[in-house]
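Heads up, data24.pdb below (PDB, C-alpha atoms and all ligand atoms):
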ATOM      1  CA  MET E1208      16.828  15.351 -61.382
ATOM      2  CA  TYR E1209      20.350  14.293 -61.989
ATOM      3  CA  TYR E1210      21.915  11.243 -63.472
ATOM      4  CA  PHE E1211      24.363   9.365 -61.410
ATOM      5  CA  ILE E1212      26.443   7.459 -63.856
ATOM      6  CA  HIS E1213      28.803   4.575 -63.327
ATOM      7  CA  LYS E1214      32.204   5.379 -64.748
ATOM      8  CA  ASN E1215      31.967   2.700 -67.444
ATOM      9  CA  ALA E1216      28.466   3.642 -68.449
ATOM     10  CA  ILE E1217      27.800   3.568 -72.162
ATOM     11  CA  LYS E1218      24.070   3.387 -72.393
ATOM     12  CA  THR E1219      22.814   6.905 -72.162
ATOM     13  CA  LYS E1220      20.754   6.244 -75.301
ATOM     14  CA  TYR E1221      18.149   4.484 -73.115
ATOM     15  CA  LEU E1222      17.514   7.590 -71.063
ATOM     16  CA  ARG E1223      14.881  10.249 -71.510
ATOM     17  CA  LEU E1224      15.055  13.539 -69.737
ATOM     18  CA  VAL E1225      12.588  13.924 -66.901
ATOM     19  CA  VAL E1226      12.384  17.155 -65.008
ATOM     20  CA  TYR E1227      11.334  16.635 -61.417
ATOM     21  CA  ASN E1228      10.575  19.552 -59.151
ATOM     22  CA  ALA E1229      13.619  19.775 -56.930
ATOM     23  CA  PRO E1230      14.523  17.688 -55.087
ATOM     24  CA  LEU E1231      12.761  14.927 -56.993
ATOM     25  CA  LEU E1232       9.473  16.228 -55.750
ATOM     26  CA  TYR E1233       7.497  15.676 -58.885
ATOM     27  CA  LEU E1234       5.469  12.557 -58.423
ATOM     28  CA  ILE E1235       2.133  11.371 -59.660
ATOM     29  CA  ASP E1236      -0.737  13.801 -59.595
ATOM     30  CA  MET E1237      -0.709  16.676 -57.123
ATOM     31  CA  SER E1238      -4.072  15.425 -55.860
ATOM     32  CA  GLU E1239      -2.188  12.404 -54.492
ATOM     33  CA  ARG E1240      -0.778  14.367 -51.589
ATOM     34  CA  ASN E1241      -0.265  11.321 -49.442
ATOM     35  CA  SER E1242       1.720   9.591 -52.127
ATOM     36  CA  ILE E1243       3.976  12.582 -52.538
ATOM     37  CA  GLU E1244       4.578  12.833 -48.829
ATOM     38  CA  ASP E1245       5.085   9.085 -48.585
ATOM     39  CA  ALA E1246       7.654   9.066 -51.351
ATOM     40  CA  ARG E1247       9.616  11.918 -49.836
ATOM     41  CA  THR E1248       9.594  10.333 -46.391
ATOM     42  CA  ILE E1249      10.713   7.021 -47.844
ATOM     43  CA  GLU E1250      13.548   8.668 -49.755
ATOM     44  CA  TYR E1251      14.816  10.391 -46.598
ATOM     45  CA  MET E1252      14.414   7.197 -44.629
ATOM     46  CA  PHE E1253      16.571   5.213 -47.053
ATOM     47  CA  ASP E1254      19.112   8.033 -47.258
ATOM     48  CA  SER E1255      19.434   7.862 -43.479
ATOM     49  CA  ILE E1256      19.973   4.098 -43.196
ATOM     50  CA  ALA E1257      22.014   3.589 -46.390
ATOM     51  CA  HIS E1258      25.308   3.202 -44.485
ATOM     52  CA  ARG E1259      23.940   0.228 -42.539
ATOM     53  CA  TYR E1260      21.501  -1.192 -45.083
ATOM     54  CA  ASP E1261      23.571  -4.165 -46.307
ATOM     55  CA  LEU E1262      24.713  -5.132 -42.826
ATOM     56  CA  LEU E1263      21.147  -5.103 -41.530
ATOM     57  CA  ASN E1264      19.937  -7.232 -44.431
ATOM     58  CA  ARG E1265      22.549  -9.880 -43.631
ATOM     59  CA  VAL E1266      21.932  -9.787 -39.879
ATOM     60  CA  LEU E1267      18.126  -9.706 -39.922
ATOM     61  CA  SER E1268      17.770 -12.442 -42.553
ATOM     62  CA  PHE E1269      20.662 -14.573 -41.198
ATOM     63  CA  GLY E1270      22.269 -14.155 -44.616
ATOM     64  CA  ILE E1271      19.394 -15.777 -46.517
ATOM     65  CA  ASP E1272      18.618 -12.571 -48.422
ATOM     66  CA  THR E1273      21.614 -13.219 -50.682
ATOM     67  CA  ARG E1274      20.024 -16.536 -51.703
ATOM     68  CA  TRP E1275      16.743 -14.800 -52.507
ATOM     69  CA  ARG E1276      18.527 -12.478 -54.914
ATOM     70  CA  LYS E1277      20.386 -15.365 -56.547
ATOM     71  CA  ARG E1278      17.070 -17.124 -57.047
ATOM     72  CA  LEU E1279      15.697 -14.032 -58.769
ATOM     73  CA  TYR E1280      18.659 -14.175 -61.116
ATOM     74  CA  ARG E1281      17.990 -17.842 -61.918
ATOM     75  CA  VAL E1282      14.251 -17.349 -62.368
ATOM     76  CA  LEU E1283      14.742 -14.649 -64.990
ATOM     77  CA  ASN E1284      17.518 -16.516 -66.800
ATOM     78  CA  LEU E1285      18.399 -13.503 -68.959
ATOM     79  CA  GLN E1286      20.364 -14.087 -72.116
ATOM     80  CA  PRO E1287      23.558 -12.233 -73.074
ATOM     81  CA  GLY E1288      22.803  -8.851 -74.561
ATOM     82  CA  GLN E1289      19.399  -8.507 -72.895
ATOM     83  CA  LYS E1290      18.646  -5.273 -71.078
ATOM     84  CA  LEU E1291      17.732  -5.293 -67.393
ATOM     85  CA  LEU E1292      16.484  -2.454 -65.216
ATOM     86  CA  ASP E1293      16.767  -3.098 -61.480
ATOM     87  CA  LEU E1294      14.307  -0.570 -60.121
ATOM     88  CA  ALA E1295      14.569   0.479 -56.450
ATOM     89  CA  THR E1296      18.066  -0.912 -56.793
ATOM     90  CA  GLY E1297      19.130   0.548 -53.435
ATOM     91  CA  SER E1298      22.680  -0.489 -52.659
ATOM     92  CA  GLY E1299      22.785  -2.549 -55.839
ATOM     93  CA  ASP E1300      22.839  -6.148 -54.580
ATOM     94  CA  ILE E1301      20.394  -7.452 -57.199
ATOM     95  CA  LEU E1302      22.090  -5.614 -60.043
ATOM     96  CA  LYS E1303      25.453  -6.927 -58.883
ATOM     97  CA  GLU E1304      24.132 -10.476 -58.964
ATOM     98  CA  PHE E1305      23.056 -10.097 -62.587
ATOM     99  CA  LEU E1306      26.227  -8.323 -63.668
ATOM    100  CA  ARG E1307      28.611 -10.764 -62.068
ATOM    101  CA  THR E1308      27.507 -13.796 -63.964
ATOM    102  CA  ASN E1309      25.789 -12.747 -67.126
ATOM    103  CA  ASN E1310      26.716 -10.653 -70.080
ATOM    104  CA  ILE E1311      23.665  -8.449 -69.838
ATOM    105  CA  ILE E1312      23.177  -4.717 -70.045
ATOM    106  CA  GLY E1313      22.336  -3.632 -66.509
ATOM    107  CA  VAL E1314      20.805  -0.391 -65.300
ATOM    108  CA  GLY E1315      19.896   0.483 -61.707
ATOM    109  CA  CYS E1316      17.455   3.218 -60.694
ATOM    110  CA  ASP E1317      16.472   4.524 -57.261
ATOM    111  CA  ARG E1318      15.122   7.683 -55.611
ATOM    112  CA  SER E1319      17.689   7.635 -52.822
ATOM    113  CA  GLY E1320      20.990   9.266 -53.724
ATOM    114  CA  GLN E1321      22.664   7.785 -50.644
ATOM    115  CA  MET E1322      21.652   4.244 -51.527
ATOM    116  CA  LEU E1323      22.987   4.799 -55.051
ATOM    117  CA  ASN E1324      26.302   5.968 -53.602
ATOM    118  CA  PHE E1325      26.730   2.591 -51.976
ATOM    119  CA  ALA E1326      25.646   0.818 -55.159
ATOM    120  CA  ARG E1327      28.260   2.746 -57.110
ATOM    121  CA  LYS E1328      31.040   1.625 -54.779
ATOM    122  CA  LYS E1329      29.864  -1.963 -55.035
ATOM    123  CA  LEU E1330      29.600  -2.023 -58.823
ATOM    124  CA  ASN E1331      32.809  -0.131 -59.489
ATOM    125  CA  GLY E1332      34.889  -3.256 -59.014
ATOM    126  CA  LEU E1333      32.990  -5.261 -61.612
ATOM    127  CA  GLU E1334      34.136  -5.609 -65.180
ATOM    128  CA  MET E1335      30.668  -5.438 -66.650
ATOM    129  CA  PRO E1336      29.612  -1.861 -67.424
ATOM    130  CA  SER E1337      26.459  -0.645 -65.747
ATOM    131  CA  LEU E1338      24.500   2.531 -65.342
ATOM    132  CA  LEU E1339      23.000   3.999 -62.197
ATOM    133  CA  VAL E1340      20.294   6.598 -62.507
ATOM    134  CA  ARG E1341      18.532   8.568 -59.834
ATOM    135  CA  GLY E1342      14.843   8.650 -60.618
ATOM    136  CA  ASP E1343      11.365   7.857 -59.476
ATOM    137  CA  ALA E1344       9.273   4.795 -60.258
ATOM    138  CA  PHE E1345       6.216   6.897 -61.045
ATOM    139  CA  ARG E1346       7.985   8.769 -63.792
ATOM    140  CA  LEU E1347      10.914   6.783 -65.014
ATOM    141  CA  PRO E1348      13.727   8.486 -66.874
ATOM    142  CA  PHE E1349      13.795   5.813 -69.609
ATOM    143  CA  LYS E1350      12.474   5.577 -73.117
ATOM    144  CA  THR E1351       9.394   3.504 -73.906
ATOM    145  CA  LYS E1352       9.893  -0.257 -74.620
ATOM    146  CA  THR E1353      13.540  -0.232 -73.573
ATOM    147  CA  PHE E1354      14.059  -3.177 -71.207
ATOM    148  CA  ASP E1355      13.709  -6.941 -71.629
ATOM    149  CA  ALA E1356      13.204  -7.281 -67.899
ATOM    150  CA  VAL E1357      12.637  -5.146 -64.821
ATOM    151  CA  THR E1358      13.350  -6.430 -61.319
ATOM    152  CA  ILE E1359      12.177  -4.870 -58.059
ATOM    153  CA  GLY E1360      13.477  -6.380 -54.840
ATOM    154  CA  PHE E1361      11.766  -5.246 -51.642
ATOM    155  CA  GLY E1362      10.845  -1.947 -53.270
ATOM    156  CA  ILE E1363       7.295  -2.160 -54.638
ATOM    157  CA  ARG E1364       5.962  -2.114 -51.062
ATOM    158  CA  ASN E1365       7.136   1.494 -50.829
ATOM    159  CA  MET E1366       5.428   2.619 -54.029
ATOM    160  CA  ARG E1367       1.892   3.826 -53.559
ATOM    161  CA  PRO E1368      -0.313   3.623 -55.551
ATOM    162  CA  ARG E1369       1.383   0.433 -56.782
ATOM    163  CA  VAL E1370      -0.723   0.002 -59.915
ATOM    164  CA  GLU E1371       0.342   3.453 -61.145
ATOM    165  CA  ALA E1372       4.005   2.557 -60.642
ATOM    166  CA  MET E1373       3.520  -0.756 -62.455
ATOM    167  CA  LYS E1374       1.789   0.992 -65.378
ATOM    168  CA  GLU E1375       4.833   3.220 -65.743
ATOM    169  CA  ILE E1376       7.099   0.150 -65.578
ATOM    170  CA  HIS E1377       4.921  -1.503 -68.244
ATOM    171  CA  ARG E1378       5.650   1.464 -70.509
ATOM    172  CA  ILE E1379       9.413   0.986 -70.425
ATOM    173  CA  ILE E1380       9.341  -2.808 -70.891
ATOM    174  CA  ALA E1381       9.740  -4.180 -74.434
ATOM    175  CA  PRO E1382       6.901  -6.335 -75.841
ATOM    176  CA  ALA E1383       6.882  -9.780 -74.142
ATOM    177  CA  GLY E1384       9.383  -8.484 -71.579
ATOM    178  CA  ARG E1385       9.026  -9.346 -67.904
ATOM    179  CA  LEU E1386       8.575  -7.668 -64.540
ATOM    180  CA  ALA E1387       9.866  -9.744 -61.600
ATOM    181  CA  ILE E1388       8.918  -8.697 -58.087
ATOM    182  CA  LEU E1389      10.811 -10.101 -55.101
ATOM    183  CA  GLU E1390       8.902  -9.194 -51.980
ATOM    184  CA  PHE E1391       7.742 -10.129 -48.483
ATOM    185  CA  PHE E1392       4.084 -11.080 -48.728
ATOM    186  CA  PRO E1393       2.062 -11.046 -45.525
ATOM    187  CA  ARG E1394       0.430 -14.498 -45.700
ATOM    188  CA  GLN E1395       2.190 -16.858 -43.327
ATOM    189  CA  THR E1396       0.023 -19.161 -41.282
ATOM    190  CA  GLY E1397       0.710 -21.824 -38.670
ATOM    191  CA  VAL E1398       3.679 -22.041 -36.318
ATOM    192  CA  ARG E1399       6.159 -20.662 -38.851
ATOM    193  CA  GLY E1400       3.836 -17.752 -39.595
ATOM    194  CA  ASN E1401       3.496 -16.917 -35.917
ATOM    195  CA  MET E1402       7.252 -17.154 -35.373
ATOM    196  CA  TYR E1403       7.805 -14.838 -38.310
ATOM    197  CA  LYS E1404       5.221 -12.356 -37.004
ATOM    198  CA  TRP E1405       6.823 -12.390 -33.558
ATOM    199  CA  TYR E1406      10.278 -11.901 -35.085
ATOM    200  CA  SER E1407       9.210  -9.015 -37.304
ATOM    201  CA  LYS E1408       7.352  -7.279 -34.487
ATOM    202  CA  ASN E1409       9.888  -7.726 -31.708
ATOM    203  CA  VAL E1410      13.327  -8.344 -33.165
ATOM    204  CA  ILE E1411      13.493  -6.383 -36.432
ATOM    205  CA  PRO E1412      12.645  -2.944 -34.943
ATOM    206  CA  ARG E1413      15.037  -3.382 -32.006
ATOM    207  CA  VAL E1414      18.024  -4.746 -33.910
ATOM    208  CA  GLY E1415      17.323  -2.289 -36.739
ATOM    209  CA  LYS E1416      17.399   0.635 -34.350
ATOM    210  CA  ILE E1417      20.619  -0.472 -32.659
ATOM    211  CA  ILE E1418      22.511  -0.999 -35.911
ATOM    212  CA  SER E1419      21.112   1.796 -38.087
ATOM    213  CA  GLY E1420      20.356   4.375 -35.415
ATOM    214  CA  SER E1421      16.951   4.897 -37.000
ATOM    215  CA  ASP E1422      13.927   4.351 -34.856
ATOM    216  CA  PHE E1423      11.481   4.838 -37.705
ATOM    217  CA  ALA E1424      12.943   2.733 -40.545
ATOM    218  CA  TYR E1425      12.837  -0.672 -38.947
ATOM    219  CA  ARG E1426       9.445  -0.085 -37.327
ATOM    220  CA  TYR E1427       8.184   0.892 -40.761
ATOM    221  CA  LEU E1428       9.482  -2.327 -42.363
ATOM    222  CA  PRO E1429       7.219  -4.866 -40.561
ATOM    223  CA  GLU E1430       4.302  -2.417 -40.687
ATOM    224  CA  SER E1431       4.657  -2.017 -44.430
ATOM    225  CA  ILE E1432       4.725  -5.812 -44.853
ATOM    226  CA  ARG E1433       1.526  -6.127 -42.827
ATOM    227  CA  GLY E1434      -0.094  -3.486 -45.014
ATOM    228  CA  PHE E1435       0.924  -5.245 -48.225
ATOM    229  CA  PRO E1436      -1.666  -7.362 -50.107
ATOM    230  CA  GLU E1437      -1.595 -11.135 -50.302
ATOM    231  CA  ILE E1438      -0.170 -12.648 -53.462
ATOM    232  CA  GLU E1439      -3.516 -13.188 -55.227
ATOM    233  CA  GLN E1440      -4.522  -9.555 -54.773
ATOM    234  CA  PHE E1441      -1.097  -8.426 -55.868
ATOM    235  CA  GLU E1442      -1.391 -10.542 -59.029
ATOM    236  CA  ASP E1443      -4.669  -8.737 -59.779
ATOM    237  CA  GLU E1444      -2.877  -5.415 -59.380
ATOM    238  CA  MET E1445      -0.224  -6.549 -61.840
ATOM    239  CA  ARG E1446      -2.942  -7.564 -64.288
ATOM    240  CA  SER E1447      -4.626  -4.193 -64.027
ATOM    241  CA  ALA E1448      -1.293  -2.585 -64.871
ATOM    242  CA  GLY E1449      -1.263  -4.631 -68.101
ATOM    243  CA  PHE E1450       0.768  -7.744 -67.214
ATOM    244  CA  THR E1451      -0.133 -11.403 -67.443
ATOM    245  CA  ILE E1452       1.173 -13.589 -64.632
ATOM    246  CA  ASP E1453       3.939 -15.904 -65.793
ATOM    247  CA  ALA E1454       5.020 -17.565 -62.558
ATOM    248  CA  VAL E1455       4.980 -17.329 -58.778
ATOM    249  CA  HIS E1456       7.804 -18.795 -56.674
ATOM    250  CA  GLN E1457       7.581 -19.037 -52.899
ATOM    251  CA  LEU E1458      10.919 -18.944 -51.073
ATOM    252  CA  THR E1459      11.866 -19.854 -47.491
ATOM    253  CA  PHE E1460       8.429 -21.196 -46.514
ATOM    254  CA  GLY E1461       6.691 -18.284 -48.180
ATOM    255  CA  VAL E1462       8.486 -15.579 -46.180
ATOM    256  CA  VAL E1463       9.273 -14.008 -49.550
ATOM    257  CA  SER E1464       7.988 -14.701 -53.046
ATOM    258  CA  ILE E1465       8.908 -13.862 -56.603
ATOM    259  CA  VAL E1466       6.015 -12.906 -58.873
ATOM    260  CA  VAL E1467       6.817 -12.701 -62.585
ATOM    261  CA  GLY E1468       4.523 -10.823 -64.947
ATOM    262  CA  ARG E1469       4.812 -10.548 -68.705
ATOM    263  CA  LYS E1470       3.941  -7.599 -70.935
TER     264      LYS E1470
HETATM  265  C1  LIG E1501      14.280  -2.020 -49.205
HETATM  266  S1  LIG E1501      15.215  -1.146 -50.396
HETATM  267  C2  LIG E1501      15.568  -2.414 -51.564
HETATM  268  C3  LIG E1501      16.907  -2.271 -52.208
HETATM  269  C4  LIG E1501      17.351  -3.421 -53.109
HETATM  270  N1  LIG E1501      16.430  -3.655 -54.185
HETATM  271  C5  LIG E1501      17.586  -4.700 -52.342
HETATM  272  O1  LIG E1501      17.183  -5.770 -52.808
HETATM  273  O2  LIG E1501      18.214  -4.641 -51.287
HETATM  274  C6  LIG E1501      13.959  -0.215 -51.218
HETATM  275  C7  LIG E1501      14.504   0.831 -52.165
HETATM  276  O3  LIG E1501      13.397   1.376 -52.904
HETATM  277  C8  LIG E1501      13.683   2.730 -53.180
HETATM  278  N2  LIG E1501      12.429   3.405 -53.537
HETATM  279  C9  LIG E1501      11.343   3.567 -52.764
HETATM  280  N3  LIG E1501      10.379   4.230 -53.432
HETATM  281  C10 LIG E1501      10.880   4.496 -54.670
HETATM  282  C11 LIG E1501      10.375   5.155 -55.826
HETATM  283  N4  LIG E1501       9.147   5.689 -55.825
HETATM  284  N5  LIG E1501      11.154   5.240 -56.931
HETATM  285  C12 LIG E1501      12.420   4.713 -56.926
HETATM  286  N6  LIG E1501      12.952   4.085 -55.861
HETATM  287  C13 LIG E1501      12.200   3.967 -54.744
HETATM  288  C14 LIG E1501      14.299   3.214 -51.887
HETATM  289  O4  LIG E1501      15.032   4.411 -52.054
HETATM  290  C15 LIG E1501      15.166   2.017 -51.499
HETATM  291  O5  LIG E1501      16.490   2.149 -51.962
END

Whole structure given in structure tokens:
Amino acid sequence: MYYFIHKNAIKTKYLRLVVYNAPLLYLIDMSERNSIEDARTIEYMFDSIAHRYDLLNRVLSFGIDTRWRKRLYRVLNLQPGQKLLDLATGSGDILKEFLRTNNIIGVGCDRSGQMLNFARKKLNGLEMPSLLVRGDAFRLPFKTKTFDAVTIGFGIRNMRPRVEAMKEIHRIIAPAGRLAILEFFPRQTGVRGNMYKWYSKNVIPRVGKIISGSDFAYRYLPESIRGFPEIEQFEDEMRSAGFTIDAVHQLTFGVVSIVVGRK
């Protein structure tokens, strides 16, 4: 495990040392072989598409994804001085949103070193200091009860078993702190639902392959959304990880939602 630290970083006091089997192979229990293999595959997948990740987000969502992240920022309404962890931060778009407009203490964490490289470039230009850490959701390199809020945008879908990841997140959240999940949930019915299903099955994999060069990544995306639970079941999972549900916000006709849980 290594720390990947933004040049202005000042918050190493929030970190705890976690030793992963190289390269970041420690995960969960060894009996969870599928989870370990999943996590490794997902890390490689994101490493391989990192150079095209932002472009594909803009193209495939017609630019609406930036609005979803802004909404996440408004929903949490963090106060100056509060500490935020953006987990599965990827190329750092959510973290950037929070750092641009609020005097918060922002930390980003992700398994993929390549995604973090792009986040670093993006955040370097900002005045607000931030910290980027390479680490895994199942064993976070942060001290207990550190953060006032944790955000995960389009990342929890990749973490299996989800409840185990959310229990670990619960550990690092301060009492009464919040976990906000921004995610595609599979329930879309009616004409809009069918259009969305057609788009995700036919357009996303093709355009994704052309732009990123990866056949697998953008076939995986719609499949992983289909395999994701509906909101009610997901809320139950959050409860079993120790959270109470604070709010649910549906965005863009329910294509994505924000679920906020409280410790
Ligand atoms: C779809 S990207 C989302 C990036 C960013 N949050 C956004 O809004 O664009 C998912 C990210 O989750 C990360 N990820 C997946 N599994 C993870 C895990 N177990 N621990 C930490 N990060 C993980 C991937 O490396 C990837 O960067």

**Item:** Within 7 Å of E:Gly1342 using only C-alpha atoms, minus same-chain residues under 5 positions, as a PyMOL selection string
**Value:** chain E and resi 1316-1318+1347-1348

Restricting it to C-alpha atoms, dump the selection as an mmCIF file, keeping the file's coordinate frame.
data_model
loop_
_atom_site.group_PDB
_atom_site.id
_atom_site.type_symbol
_atom_site.label_atom_id
_atom_site.label_comp_id
_atom_site.auth_asym_id
_atom_site.auth_seq_id
_atom_site.Cartn_x
_atom_site.Cartn_y
_atom_site.Cartn_z
ATOM 1 C CA CYS E 1316 17.455 3.218 -60.694
ATOM 2 C CA ASP E 1317 16.472 4.524 -57.261
ATOM 3 C CA ARG E 1318 15.122 7.683 -55.611
ATOM 4 C CA LEU E 1347 10.914 6.783 -65.014
ATOM 5 C CA PRO E 1348 13.727 8.486 -66.874
#

**Prompt:** Got a sec to resolve the PyMOL selection byres (((chain E and resi 1451) around 9) and not hetatm) on this structure and send the residues as an MDAnalysis selection string?
**Reply:** chainID E and resid 1442 1445:1446 1449:1450 1452:1453 1467:1470

Store the residues picked out above in a file with C-alpha atoms, as a compact mmCIF listing (two decimals), keeping the file's coordinate frame.
# COMPACT_ATOMS: atom_id res chain seq x y z
CA GLU E 1442 -1.39 -10.54 -59.03
CA MET E 1445 -0.22 -6.55 -61.84
CA ARG E 1446 -2.94 -7.56 -64.29
CA GLY E 1449 -1.26 -4.63 -68.10
CA PHE E 1450 0.77 -7.74 -67.21
CA ILE E 1452 1.17 -13.59 -64.63
CA ASP E 1453 3.94 -15.90 -65.79
CA VAL E 1467 6.82 -12.70 -62.58
CA GLY E 1468 4.52 -10.82 -64.95
CA ARG E 1469 4.81 -10.55 -68.70
CA LYS E 1470 3.94 -7.60 -70.94

**Request:** Identify, on the basis of all atoms listed in the file, every residue whose closest approach to stretch 1251-1261 of chain E does not exceed 8 Å; exclude the query and any residue fewer than 6 positions from it along the same chain; express the result as JSON, numbers by chain.
**Result:** {"E": [1298, 1319, 1320, 1321, 1322, 1325, 1418, 1419, 1420, 1421, 1423, 1424]}

**Message:** Distance limit 7 Å, reference ligand LIG 1501 (chain E), atoms considered: all atoms listed in the file. Which residues make the cut? Give them as a PyMOL selection string.
**Reply:** chain E and resi 1246+1249-1250+1253+1294-1301+1316-1319+1322+1342-1345+1359-1362+1365-1366

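Once all atoms listed in the file are considered, the residues situated within 12 Å of the file point (24.6, -12.6, -74.6) turn out to be Asn1284, Leu1285, Gln1286, Pro1287, Gly1288, Gln1289, Lys1290, Leu1306, Thr1308, Asn1309, Asn1310, Ile1311 and Ile1312 of chain E.
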
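We find atom CA of E:Arg1385 and atom CA of E:Glu1371 to be spaced 16.9 Å apart.
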
**Asked** What does the PyMOL selection byres (((chain E and resi 1430) around 12) and not hetatm) select in this file, as a list in words?
**Response** Arg1364, Asn1365, Phe1391, Phe1392, Pro1393, Lys1404, Ser1407, Lys1408, Asn1409, Ile1411, Pro1412, Phe1423, Ala1424, Tyr1425, Arg1426, Tyr1427, Leu1428, Pro1429, Ser1431, Ile1432, Arg1433, Gly1434 and Phe1435 of chain E
